[in-house]
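Novice: Got a structure here, written out as structure tokens. Questions coming.
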Amino acid sequence: MKKIILSLLVVIFLPSAAIAQKGAVSAADPRAAAAGQEMLRAGGSAADAALAMMLALSVVEPQSSGIGGGGFFVYGDAKTGLPATIDGREKAPAATREDRFMMANGQPMAFREAFHGGHSVGVPGNIALAAKAHRKWGKLKWAQIFQPAIRLADEGYEVTPRLAGVIKQMSPLWDGFDTTKAIYWQDGRPKQAGDIVRNPQMAKLLRAIAAKGPRAFYAGENARAIASAVSNAPKNPAPMTLKDIAAYEAKGRAAVCTSYRIYKLCGMGPPSSGATTVFQILGMLERFDMKALGKDNPASWHLIAEAMQLAYADREKYLGDPDFVSVPVAGLLDKTYVASRSALISETGSLPKYEAGTPPGAEPRTAAISGEVMGTTHFVAADRFGNVASMTSTVEGPFGSQLVANGMILNNELTDFTFAPMKDGAPVANRPQPGKRPLSSMSPTIVYGPDGKPVFIVGAAGGKTIIMQVAKTLIAHLDWGLPVQQAIAAPNIYFGGEAVVVEANTPLADMATDLARFGRTVVTNGRLPSKANAAERGENGWIAAGDPRSDGVGLSE
């Protein structure tokens, strides 16, 4: 009872953070964080906790993620001392053509037209990812990790102001989407904050998967429901077959790692661009004394902005699905190459333009901008056994494709492909192709200390801004010494067109005039996404935190 009271006091007085004597979790919704906490208290591993949170978020945060989407899973295994990753990214159906998002006039479709309906749906990967992760690292029974999500779907959950806002925003697109309205409307109107959502169809599906394993998702009645929803969509119907769904496989991939000062950092490799781009940014900054410059110095943010734009230039040219294109991961992170990119950065001025370099092992490639809207969710877990998990999960944009099958929102991940398959007469790396996984910015990351043990786990949501949210949080924590809650809360920075974009109503926005003196247009944006979750290892255990701009919380075991 004392332990329970102490835990409650921690949550009351630190709504976004919790200090854990044993393990800790953080998620973007308190009810999902509670699901992970439940697994830890039952003796589960960090994998059990992370997967329970993924399933619970499928119910309570349907606008952002779910089993109708995919994700990337990075695990720090205490037994081996090594990081491992699982790629649960969605795959394009076999009928996908390279010109999938091109119009008859030879121009790419507008995003608003492309994402809506069956045209944008990839074969979901999260359940296959969960099964693979549970087989490797789960301690609890498979069915147990489903229980919190089943309760939430069965008994219902209260609509938050955040969810209500997204329902209102997307509802004009739901004419003809009767299955979606049936869940998220009531009394002829969109559900509002305080209304209750019950999802018996999803509860039934979750029970079936809990009892029968992933086959209950990828074959039989559920596979038919997915294929029918996509192929017979009221908007942009597109072929998806039972064979497409049955053939899905979550892939174990080698973790991408680098060193930064005294730390080792590991993350997700392609088709994620997260690790390579985050680690390039850090690598370019390593020659500068970021600690001495400090968080309140415009010079610090100038250097971050320069490294950011150089790293993103490489991202747009070289990253894609490694099963389809050659991705020079080792070359992008080669210390000599990164140093050559860093040498382009001046402490006193900005570059006139930001172009991709030529990393070792890179094949000739044409650069093209990929699309990625600001959705997604992230969650972290650390357990009493020394394991840690960092997972980013998504259905892409708000409510994905807007389609529902068996109560779950289906993703619109195929719009993460570059719509125009050719540029300057050459094929684009991230063009649509059958069976291909679209490029992603999701950046689940683990930081190891000099003792070889995890000291920090982090990730974020928000489309292509994910990379910068994670990079900023790592700099704030590792260089500026900010504790996890303050590191997440530090201002965000991004770019758009010719401008550097800084988060409004922050200390960084107050530095905008000084930052502009380095030769770049600087604009403030009050809607710059921020939805990070992280945890740090402290002297007395793990401290988990959620972004104060979100509904996220950290909870202790």
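Residues are named by chain letter and number: chains run A, B, ... in the order of the structure tokens, numbers start at 1 in each chain, and ligands are numbered from 1 in the order shown.
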Dump as a Markdown table the rows for residues of stretch 402-509 of chain A within 12 Å of stretch 174-197 of chain A: closest atom pair and distance in Å with one decimal, only C-alpha atoms counted, ordered by chain and rising residue number.
Specialist:
| residue | atom | partner | partner_atom | distance |
| --- | --- | --- | --- | --- |
| A:Gln402 | CA | A:Thr180 | CA | 7.1 |
| A:Leu403 | CA | A:Thr180 | CA | 6.5 |
| A:Val404 | CA | A:Thr180 | CA | 5.7 |
| A:Ala405 | CA | A:Thr179 | CA | 8.0 |
| A:Asn406 | CA | A:Thr179 | CA | 9.0 |
| A:Gly407 | CA | A:Ile183 | CA | 7.7 |
| A:Met408 | CA | A:Thr180 | CA | 9.1 |
| A:Ile409 | CA | A:Thr180 | CA | 8.1 |
| A:Leu410 | CA | A:Thr180 | CA | 10.5 |
Novice: Would you save the residues of that selection, restricted to C-alpha atoms, as a PDB file, in the first residue's frame?
Specialist:
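The new file again_35.pdb reads:
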ATOM      1  CA  GLN A 402      -9.697   7.607 -42.493  1.00  0.00           C
ATOM      2  CA  LEU A 403     -10.675   3.962 -43.151  1.00  0.00           C
ATOM      3  CA  VAL A 404     -11.630   1.502 -40.426  1.00  0.00           C
ATOM      4  CA  ALA A 405     -11.453  -2.299 -40.472  1.00  0.00           C
ATOM      5  CA  ASN A 406     -12.621  -4.274 -37.424  1.00  0.00           C
ATOM      6  CA  GLY A 407     -12.538  -1.121 -35.324  1.00  0.00           C
ATOM      7  CA  MET A 408      -8.944  -0.159 -36.160  1.00  0.00           C
ATOM      8  CA  ILE A 409      -7.831   2.865 -38.134  1.00  0.00           C
ATOM      9  CA  LEU A 410      -5.916   1.911 -41.282  1.00  0.00           C
TER      10      LEU A 410
END
Novice: Find the spatial neighbours of stretch 267-282 of chain A, counting only C-alpha atoms, within a cut-off of 6 Å - ignore same-chain residues fewer than 5 positions away - and output them as a PDB file with N, CA and C atoms, in the first residue's frame.
Specialist:
ATOM      1  N   ALA A 255      21.122  -2.778 -35.744  1.00  0.00           N
ATOM      2  CA  ALA A 255      21.029  -1.428 -35.190  1.00  0.00           C
ATOM      3  C   ALA A 255      22.098  -0.540 -35.823  1.00  0.00           C
ATOM      4  N   VAL A 256      21.785   0.741 -35.962  1.00  0.00           N
ATOM      5  CA  VAL A 256      22.751   1.722 -36.448  1.00  0.00           C
ATOM      6  C   VAL A 256      23.299   2.459 -35.229  1.00  0.00           C
ATOM      7  N   ALA A 307      23.954  22.297 -38.985  1.00  0.00           N
ATOM      8  CA  ALA A 307      24.116  20.838 -39.032  1.00  0.00           C
ATOM      9  C   ALA A 307      22.819  20.160 -39.460  1.00  0.00           C
ATOM     10  N   MET A 308      21.708  20.663 -38.971  1.00  0.00           N
ATOM     11  CA  MET A 308      20.394  20.118 -39.319  1.00  0.00           C
ATOM     12  C   MET A 308      20.190  20.126 -40.833  1.00  0.00           C
ATOM     13  N   ALA A 311      22.447  17.704 -42.771  1.00  0.00           N
ATOM     14  CA  ALA A 311      22.057  16.301 -42.563  1.00  0.00           C
ATOM     15  C   ALA A 311      20.783  15.966 -43.325  1.00  0.00           C
ATOM     16  N   GLY A 320      16.285   5.320 -48.116  1.00  0.00           N
ATOM     17  CA  GLY A 320      15.160   4.587 -48.682  1.00  0.00           C
ATOM     18  C   GLY A 320      15.128   3.186 -48.097  1.00  0.00           C
ATOM     19  N   ASP A 321      14.299   2.330 -48.667  1.00  0.00           N
ATOM     20  CA  ASP A 321      14.184   0.941 -48.221  1.00  0.00           C
ATOM     21  C   ASP A 321      15.420   0.174 -48.693  1.00  0.00           C
ATOM     22  N   LEU A 439      10.080   5.458 -46.829  1.00  0.00           N
ATOM     23  CA  LEU A 439      11.028   6.131 -45.951  1.00  0.00           C
ATOM     24  C   LEU A 439      10.300   6.765 -44.770  1.00  0.00           C
ATOM     25  N   SER A 440      10.954   6.764 -43.618  1.00  0.00           N
ATOM     26  CA  SER A 440      10.357   7.305 -42.400  1.00  0.00           C
ATOM     27  C   SER A 440      11.374   8.158 -41.652  1.00  0.00           C
ATOM     28  N   SER A 441      10.870   9.091 -40.848  1.00  0.00           N
ATOM     29  CA  SER A 441      11.719   9.893 -39.964  1.00  0.00           C
ATOM     30  C   SER A 441      11.684   9.399 -38.522  1.00  0.00           C
ATOM     31  N   MET A 442      10.945   8.340 -38.246  1.00  0.00           N
ATOM     32  CA  MET A 442      10.847   7.855 -36.866  1.00  0.00           C
ATOM     33  C   MET A 442      12.244   7.525 -36.335  1.00  0.00           C
ATOM     34  N   SER A 443      12.514   7.960 -35.100  1.00  0.00           N
ATOM     35  CA  SER A 443      13.892   7.945 -34.574  1.00  0.00           C
ATOM     36  C   SER A 443      13.995   7.372 -33.168  1.00  0.00           C
ATOM     37  N   PRO A 444      13.499   6.172 -32.901  1.00  0.00           N
ATOM     38  CA  PRO A 444      13.688   5.590 -31.566  1.00  0.00           C
ATOM     39  C   PRO A 444      15.165   5.395 -31.281  1.00  0.00           C
ATOM     40  N   THR A 445      15.623   5.854 -30.117  1.00  0.00           N
ATOM     41  CA  THR A 445      17.063   5.927 -29.842  1.00  0.00           C
ATOM     42  C   THR A 445      17.368   5.459 -28.430  1.00  0.00           C
ATOM     43  N   ILE A 467      13.073  13.974 -36.225  1.00  0.00           N
ATOM     44  CA  ILE A 467      14.537  13.953 -36.187  1.00  0.00           C
ATOM     45  C   ILE A 467      15.077  15.105 -35.351  1.00  0.00           C
ATOM     46  N   ALA A 471      17.119  15.044 -31.849  1.00  0.00           N
ATOM     47  CA  ALA A 471      18.456  15.634 -31.813  1.00  0.00           C
ATOM     48  C   ALA A 471      18.540  16.723 -30.746  1.00  0.00           C
TER      49      ALA A 471
END
Novice: Between A:Lys139, A:Lys251, A:Lys235, A:Lys353, single out the one closest to A:His119, counting only C-alpha atoms.
Specialist: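 Among the listed residues, the smallest separation from A:His119 belongs to A:Lys235.
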Novice: Find the residues around stretch 33-45 of chain A up to 9 Å (only C-alpha atoms counted), leave out those fewer than 4 positions away in its own chain, and share them as a PyMOL selection string.
Specialist: chain A and resi 23-29+49-56+137-140+144-145+147-149+379+381-388+552-557
Novice: Quick one: of A:Gly496, A:Pro548, A:Pro108, A:Gly69, who's nearest to A:Val523, counting only C-alpha atoms?
Specialist: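 That would be A:Gly496, the residue with the smallest distance to A:Val523.
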Novice: Out of stretch 170-299 of chain A, which residues get strand (DSSP E) from DSSP, as a list in words?
Specialist: Trp185, Gln186, Arg189, Pro190, Ile196, Val197, Lys251, Gly252, Arg253, Val256, Cys257, Thr258, Ser259, Tyr260, Tyr263, Lys264, Leu265, Cys266 and Gly267 of chain A
Novice: Here is a test: counting only C-alpha atoms, which residue of A:Asp48, A:Glu98, A:Glu155, A:Asp424 is nearest to A:Ala130?
Specialist: A:Asp48
Novice: Using only C-alpha atoms, which of A:Ile543, A:Leu163, A:Ala512, A:Leu205 sits nearest A:Pro298?
Specialist: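 Going through A:Ile543, A:Leu163, A:Ala512, A:Leu205 one by one, the smallest distance to A:Pro298 is for A:Ala512.
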Novice: Atom CA of A:Arg520 to atom CA of A:Glu503: how many Å, to one decimal?
Specialist: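 Computing it gives 15.8 Å between the two atoms.
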